[in-house]
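Let me begin by presenting the structure, written as structure tokens, before commenting on it.
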Amino acid sequence: MVSKVLNIFNRSKDNQSAPNDSIELATQRQLIWRRFKRHRLGFSASIVVALFYFVVLFADFLSTAPPVDYAAKRGYMPPQGIDFFKDGHFMSVCDVSGERNMDTFLMEFEADCDNSQPISFFAKGYEYKLWGLIKTDRHLLGMTDETKDPNAWIHLFGTDKQGRDVFSRTMHATRVSLTIGLVGVALSIIFGIFLGAISGYYGGLIDSLIQRFIEIIRSVPTIPLYMGLSSAFPDDWTINQVYFMITVIISLFAWTDLARVIRGRFLALKDEDFVTAARLNGAKTMRVIFVHMLPSFYSHIIAQASLSLPLMIVTETSLSFLGLGLRPPAVSYGVLLKDAQNVQSVANMPWLFIPAIAVIVVILALNFMGDGIRDAADPYQEV
Amino acid sequence: MLNFIARRIVFMFVALWAVTLISFFIINLPEGDYVTAYIAQLQATGSTVDAAEAANLRKFYGLDKPLYIQYGKWMNQIFLQQNLGFSFEYNQPVTNVISERLLLTIILAIFCVIFIWVIAIPFGIISAVKQYSIWDYLFTFLGFVGLAIPDFMIALIAMYLFFVWFDFSPGGLFSPEFVGVPWSWARVKDLIDHIWIPMVVLGTAGTASLMRITRANLLDELSKPYVITARAKGLSEWRLIMKYPVRLALNPAISLTAYILPYLISGSIIVGVVLSLPTVGPMLVRALVAQDMFLAGGIILLIGFMTVIGTFISDILLLIVDPRIRLGDS
């Protein structure tokens, strides 16, 4: 223990940004935050995650076209580059005209770069409601000229078969897939805390029943169960109903990890003096659990939750990818990747694979961040 | 030891029972029942069924009875007659439709477990013994990536790379001439030629986690006094490591196999769809989309059974390998 304390002192000397005298006064939260900042991989990953959640908040603002707007004429258009400082405009794109090749029946596009179209930041585009509240038509990127040429489009990531803008669709998919993860994690935290707390606090028969129950859930492959449950959704359900039920189904099986962690913490803490003191003071069981014990391991819950977030995202993506999760016109990573299932089309249209890169990046970042938080949150573990 | 075995057997049966409940629940989940589907099928071919006939049919199949009686009948049918019901899509009993696919799924799972062991344990040992070396960092990094990227994504990327680099799409488990023919040595050889791609794709995540576990356990063991004693007595380094700490570090590796088996089976379903393997995965997806519920429920039941029994086997393996459990509280 002494060496641990000394160790902390040594570290704080290395770290110039933290004044030495503050280490004794720092709250638990500040200590965790400092450790987390030192965890370089975890910290940089959390910046990436923050960027993704920025996209979640401003998906419509970042989009250049409505995600469901289709135009057969523009099918499978390759990504367009943005030209800088050309013809006196800061940014511009080339005019693109497409023609159907009657041998292959594919559209062939030709860029007419003599005739470039200026684009600018905060331009007017399609109308949307920011967070469902504020009606606006401003977008990060758009045509400077509102009365635009019908041949002028911005497709940063190209278009899919129906001519829908892959960039805008990726933005919207990020919003859907990442919030499904958040809602699912919130639900499984509720399940996990409730069952983990009961299991760890009471112990005995209840504990072993809940533990066996968890073991059974963990010994059954979950994907077929998710598939079985989600295939029973009626066809006439709205996107929101399907969305909600998918999160419920995913969290139905995903709470077990969290429940185990929480149970372990409860078992370790239930004989501590402060718990006994609270009980002797006449606090009711629920009060002891939720007011006295639970706050002492919030950090563990956060760490575990941030590790189960990527799992949720992967599950949703897999289900939608198989056609058993969210269905078009909903847009999620899985729905987008369904288009990339056909290898031949991906080999010719590699930009359809861009959403996959987004998925891989966000999942890696969430995992690294979760590991960083876990390391930072556990004061008894060497970093 | 007997205590341990008895506990595991009881647990296995409870888990199997839970799997039957879940499968039965899923079969009954969609609106309508067997007779609705049957009538729909008859109507598709032009004949009609009136309400009285439908009621008779329901009575004949016991569908007018409460669910728990139906469940009892269903269980009875499965265990006494080995009859999983009838598939509408294939117009055959479910058992006929899935037997070969189930066998191939089991073979793929076994290959994957072997692959995971063969790759993960040596690499785990190397990264523990040569901690903080370039190999350690490389394996740790690869492990992280393998763990984080979902199986089907690896499958998609593999398909894409194979197609772009070698101009062929790696699908299926057999060459065209061996699809749907009886088993022969040539067919087995053909299977082994094809199985390695899905094996590597599916095994990556498991390999990554097993590698990390082996590394962590071995690092714990390597700093213990008995290792220093053995070294002081002049045992050569590799013999020392392989003989004592590795043996101890392997136990959690075995129990982890039980833990990754459900993930492996889950993964094999999605990977099976991407790589169009003749395993139960693509069939399950098709059955669910077509609401062919007896087929879907049968597949879920059997892969659930497979996983639970596989877990039990690995528990027993652990018992054989680890004397602390074998001789422990009996």
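Going by the structure tokens order, chains are called A, B, ..., each with residues numbered from 1, while ligands are numbered from 1 in the order shown.
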What residues in chain B have any atom no more than 7 Å from chain A when counting only C-alpha atoms, and can you write them as an MDAnalysis selection string?
chainID B and resid 15 26 29:30 148:150 159:160 164 262:263 265:266 274 288:289 300 304 307:308
Give me a file of those residues, with N, CA and C atoms, as an mmCIF file, in the first residue's frame.
data_model
loop_
_atom_site.group_PDB
_atom_site.id
_atom_site.type_symbol
_atom_site.label_atom_id
_atom_site.label_comp_id
_atom_site.auth_asym_id
_atom_site.auth_seq_id
_atom_site.Cartn_x
_atom_site.Cartn_y
_atom_site.Cartn_z
ATOM 1 N N ALA B 15 -29.445 -26.368 -18.754
ATOM 2 C CA ALA B 15 -29.190 -25.507 -19.909
ATOM 3 C C ALA B 15 -29.876 -26.065 -21.154
ATOM 4 N N ILE B 26 -39.545 -19.368 -29.735
ATOM 5 C CA ILE B 26 -39.299 -18.714 -31.031
ATOM 6 C C ILE B 26 -40.198 -19.295 -32.114
ATOM 7 N N LEU B 29 -43.491 -17.668 -31.893
ATOM 8 C CA LEU B 29 -43.480 -16.214 -31.842
ATOM 9 C C LEU B 29 -44.255 -15.543 -32.976
ATOM 10 N N PRO B 30 -44.052 -15.949 -34.245
ATOM 11 C CA PRO B 30 -44.761 -15.231 -35.309
ATOM 12 C C PRO B 30 -46.256 -15.479 -35.208
ATOM 13 N N ALA B 148 -11.500 -6.829 -32.041
ATOM 14 C CA ALA B 148 -12.453 -5.724 -32.175
ATOM 15 C C ALA B 148 -13.257 -5.812 -33.466
ATOM 16 N N ILE B 149 -12.661 -6.322 -34.532
ATOM 17 C CA ILE B 149 -13.383 -6.329 -35.804
ATOM 18 C C ILE B 149 -14.328 -7.517 -35.836
ATOM 19 N N PRO B 150 -15.605 -7.286 -36.097
ATOM 20 C CA PRO B 150 -16.552 -8.398 -36.111
ATOM 21 C C PRO B 150 -16.218 -9.402 -37.213
ATOM 22 N N MET B 159 -13.058 -11.678 -48.524
ATOM 23 C CA MET B 159 -13.664 -11.904 -49.840
ATOM 24 C C MET B 159 -13.169 -10.861 -50.836
ATOM 25 N N TYR B 160 -13.195 -9.622 -50.367
ATOM 26 C CA TYR B 160 -12.808 -8.517 -51.237
ATOM 27 C C TYR B 160 -11.353 -8.668 -51.678
ATOM 28 N N VAL B 164 -9.951 -9.221 -55.415
ATOM 29 C CA VAL B 164 -9.128 -8.224 -56.093
ATOM 30 C C VAL B 164 -7.749 -8.785 -56.440
ATOM 31 N N PRO B 262 -19.888 -20.474 -27.673
ATOM 32 C CA PRO B 262 -21.116 -19.797 -28.130
ATOM 33 C C PRO B 262 -20.827 -18.685 -29.134
ATOM 34 N N TYR B 263 -19.733 -17.939 -28.916
ATOM 35 C CA TYR B 263 -19.397 -16.855 -29.842
ATOM 36 C C TYR B 263 -19.024 -17.409 -31.208
ATOM 37 N N ILE B 265 -20.104 -20.185 -32.560
ATOM 38 C CA ILE B 265 -21.301 -20.644 -33.263
ATOM 39 C C ILE B 265 -22.089 -19.442 -33.782
ATOM 40 N N SER B 266 -22.230 -18.422 -32.927
ATOM 41 C CA SER B 266 -22.901 -17.198 -33.371
ATOM 42 C C SER B 266 -22.212 -16.646 -34.600
ATOM 43 N N VAL B 274 -22.064 -14.772 -45.306
ATOM 44 C CA VAL B 274 -21.188 -13.968 -46.158
ATOM 45 C C VAL B 274 -20.428 -14.857 -47.137
ATOM 46 N N LEU B 288 -35.905 -18.068 -41.326
ATOM 47 C CA LEU B 288 -36.529 -17.014 -40.530
ATOM 48 C C LEU B 288 -37.202 -15.988 -41.426
ATOM 49 N N VAL B 289 -36.553 -15.656 -42.537
ATOM 50 C CA VAL B 289 -37.145 -14.675 -43.440
ATOM 51 C C VAL B 289 -38.432 -15.241 -44.037
ATOM 52 N N ILE B 300 -32.181 -23.675 -34.291
ATOM 53 C CA ILE B 300 -31.792 -22.998 -33.044
ATOM 54 C C ILE B 300 -31.637 -24.023 -31.925
ATOM 55 N N GLY B 304 -28.054 -24.809 -30.211
ATOM 56 C CA GLY B 304 -28.023 -24.590 -28.763
ATOM 57 C C GLY B 304 -27.506 -25.831 -28.050
ATOM 58 N N THR B 307 -23.764 -26.328 -28.560
ATOM 59 C CA THR B 307 -22.926 -25.463 -27.753
ATOM 60 C C THR B 307 -22.884 -25.930 -26.304
ATOM 61 N N VAL B 308 -24.055 -26.264 -25.764
ATOM 62 C CA VAL B 308 -24.097 -26.668 -24.358
ATOM 63 C C VAL B 308 -23.275 -27.936 -24.156
#
Please identify the helix (DSSP H, G or I) residues within segment 79-245 of chain B (assignment by DSSP from backbone atoms) and present them as a PyMOL selection string.
chain B and resi 79-81+94-129+134-148+151-166+176-178+185-222+225-232+237-243+245
Keeping only C-alpha atoms, write those residues as a compact mmCIF listing (two decimals), in the first residue's frame.
# COMPACT_ATOMS: atom_id res chain seq x y z
CA PHE B 79 -36.86 -37.10 -28.08
CA LEU B 80 -38.88 -40.22 -28.74
CA GLN B 81 -39.24 -40.02 -32.50
CA VAL B 94 -36.59 -30.84 -40.86
CA THR B 95 -34.17 -33.61 -39.88
CA ASN B 96 -33.59 -34.52 -43.53
CA VAL B 97 -32.93 -30.94 -44.49
CA ILE B 98 -30.40 -30.05 -41.85
CA SER B 99 -28.44 -33.20 -41.10
CA GLU B 100 -25.54 -32.60 -43.51
CA ARG B 101 -25.43 -28.88 -42.80
CA LEU B 102 -25.31 -29.55 -39.09
CA LEU B 103 -22.46 -31.99 -39.54
CA LEU B 104 -20.50 -29.42 -41.55
CA THR B 105 -21.18 -26.79 -38.88
CA ILE B 106 -19.78 -29.11 -36.22
CA ILE B 107 -16.73 -29.91 -38.37
CA LEU B 108 -16.11 -26.20 -38.93
CA ALA B 109 -16.42 -25.47 -35.20
CA ILE B 110 -13.95 -28.25 -34.35
CA PHE B 111 -11.47 -27.02 -36.95
CA CYS B 112 -11.81 -23.52 -35.55
CA VAL B 113 -11.12 -24.62 -32.00
CA ILE B 114 -8.04 -26.51 -33.16
CA PHE B 115 -6.88 -23.52 -35.19
CA ILE B 116 -7.36 -21.21 -32.22
CA TRP B 117 -5.31 -23.50 -30.01
CA VAL B 118 -2.53 -24.07 -32.48
CA ILE B 119 -2.08 -20.37 -33.20
CA ALA B 120 -2.94 -18.70 -29.93
CA ILE B 121 -1.00 -20.77 -27.42
CA PRO B 122 2.47 -20.62 -29.03
CA PHE B 123 2.07 -16.92 -29.82
CA GLY B 124 0.78 -16.25 -26.32
CA ILE B 125 3.80 -18.04 -24.87
CA ILE B 126 6.20 -16.09 -27.09
CA SER B 127 4.70 -12.75 -26.15
CA ALA B 128 4.82 -13.57 -22.45
CA VAL B 129 8.37 -14.93 -22.42
CA ILE B 134 8.71 -6.40 -30.98
CA TRP B 135 6.88 -9.75 -31.21
CA ASP B 136 4.95 -9.02 -28.06
CA TYR B 137 3.79 -5.67 -29.39
CA LEU B 138 2.97 -7.13 -32.79
CA PHE B 139 0.89 -9.99 -31.37
CA THR B 140 -0.83 -7.72 -28.87
CA PHE B 141 -1.73 -5.26 -31.58
CA LEU B 142 -2.97 -7.97 -33.94
CA GLY B 143 -4.90 -9.47 -31.06
CA PHE B 144 -6.63 -6.20 -30.34
CA VAL B 145 -7.57 -5.71 -33.95
CA GLY B 146 -8.75 -9.30 -34.33
CA LEU B 147 -10.86 -9.00 -31.22
CA ALA B 148 -12.45 -5.72 -32.17
CA ASP B 151 -16.26 -11.77 -37.86
CA PHE B 152 -18.46 -10.94 -40.79
CA MET B 153 -16.43 -7.83 -41.46
CA ILE B 154 -13.27 -9.93 -41.60
CA ALA B 155 -15.12 -12.26 -43.96
CA LEU B 156 -16.16 -9.36 -46.19
CA ILE B 157 -12.63 -7.96 -46.26
CA ALA B 158 -11.19 -11.42 -46.99
CA MET B 159 -13.66 -11.90 -49.84
CA TYR B 160 -12.81 -8.52 -51.24
CA LEU B 161 -9.06 -9.04 -51.05
CA PHE B 162 -9.24 -12.51 -52.57
CA PHE B 163 -11.37 -11.19 -55.36
CA VAL B 164 -9.13 -8.22 -56.09
CA TRP B 165 -5.80 -10.02 -55.71
CA PHE B 166 -6.48 -13.53 -56.94
CA PRO B 176 -18.84 -27.66 -57.55
CA GLU B 177 -18.38 -31.36 -58.39
CA PHE B 178 -18.53 -32.35 -54.72
CA TRP B 185 -12.10 -39.61 -49.45
CA ALA B 186 -11.88 -37.23 -52.37
CA ARG B 187 -14.73 -35.21 -50.87
CA VAL B 188 -13.02 -35.05 -47.47
CA LYS B 189 -9.86 -33.82 -49.15
CA ASP B 190 -11.84 -31.22 -51.05
CA LEU B 191 -13.44 -30.08 -47.79
CA ILE B 192 -10.03 -29.65 -46.17
CA ASP B 193 -8.88 -27.64 -49.19
CA HIS B 194 -11.79 -25.25 -48.73
CA ILE B 195 -12.29 -25.09 -44.99
CA TRP B 196 -9.26 -23.02 -44.13
CA ILE B 197 -10.63 -19.64 -45.19
CA PRO B 198 -13.77 -19.78 -43.01
CA MET B 199 -11.63 -21.35 -40.27
CA VAL B 200 -9.20 -18.44 -40.21
CA VAL B 201 -11.96 -15.84 -40.52
CA LEU B 202 -13.99 -17.37 -37.71
CA GLY B 203 -11.06 -18.19 -35.50
CA THR B 204 -9.48 -14.74 -35.46
CA ALA B 205 -11.44 -13.29 -32.55
CA GLY B 206 -11.08 -16.45 -30.47
CA THR B 207 -7.36 -16.62 -31.25
CA ALA B 208 -6.95 -13.04 -30.12
CA SER B 209 -8.66 -13.53 -26.79
CA LEU B 210 -6.98 -16.85 -26.07
CA MET B 211 -3.60 -15.32 -26.89
CA ARG B 212 -4.17 -12.48 -24.44
CA ILE B 213 -5.32 -14.87 -21.72
CA THR B 214 -2.35 -17.20 -22.23
CA ARG B 215 0.02 -14.23 -22.11
CA ALA B 216 -1.50 -12.80 -18.94
CA ASN B 217 -1.56 -16.15 -17.13
CA LEU B 218 1.96 -17.05 -18.12
CA LEU B 219 3.23 -13.66 -16.98
CA ASP B 220 1.64 -14.31 -13.58
CA GLU B 221 3.28 -17.71 -13.35
CA LEU B 222 6.72 -16.63 -14.57
CA PRO B 225 9.32 -18.50 -6.77
CA TYR B 226 9.19 -22.03 -8.15
CA VAL B 227 10.30 -20.74 -11.54
CA ILE B 228 13.28 -19.03 -9.96
CA THR B 229 14.08 -22.20 -8.02
CA ALA B 230 14.01 -24.29 -11.15
CA ARG B 231 16.17 -21.77 -12.96
CA ALA B 232 18.63 -21.69 -10.06
CA GLU B 237 15.10 -22.06 -20.00
CA TRP B 238 12.76 -23.53 -22.62
CA ARG B 239 12.37 -26.83 -20.84
CA LEU B 240 11.63 -25.02 -17.64
CA ILE B 241 8.99 -22.81 -19.20
CA MET B 242 7.29 -25.56 -21.13
CA LYS B 243 7.28 -27.99 -18.26
CA PRO B 245 4.43 -22.47 -15.99
Which neighbours of Thr276 of chain A fall inside 12 Å, counting only C-alpha atoms, when residues of the same chain fewer than 6 positions from it are skipped, and could you give them as a list in words?
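The filter keeps Leu269, Lys270, Gly282, Ala283, Lys284, Thr285, Val288, Ile289, His292 and Met293 of chain A.
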For segment 189-200 of chain A, work out the shell of residues within 9 Å, counting only C-alpha atoms and skipping chain neighbours fewer than 4 positions away, then give it as a VMD selection string.
chain A and resid 184 to 185 204 to 211 251 to 252 254 to 268 270 289 to 290 294 301 305
Every residue of segment 56-297 of chain B that DSSP places in strand (DSSP E), as a list in words
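The residues of segment 56-297 of chain B classed as strand (DSSP E) are Phe86, Ser87, Gln92 and Pro93 of chain B.
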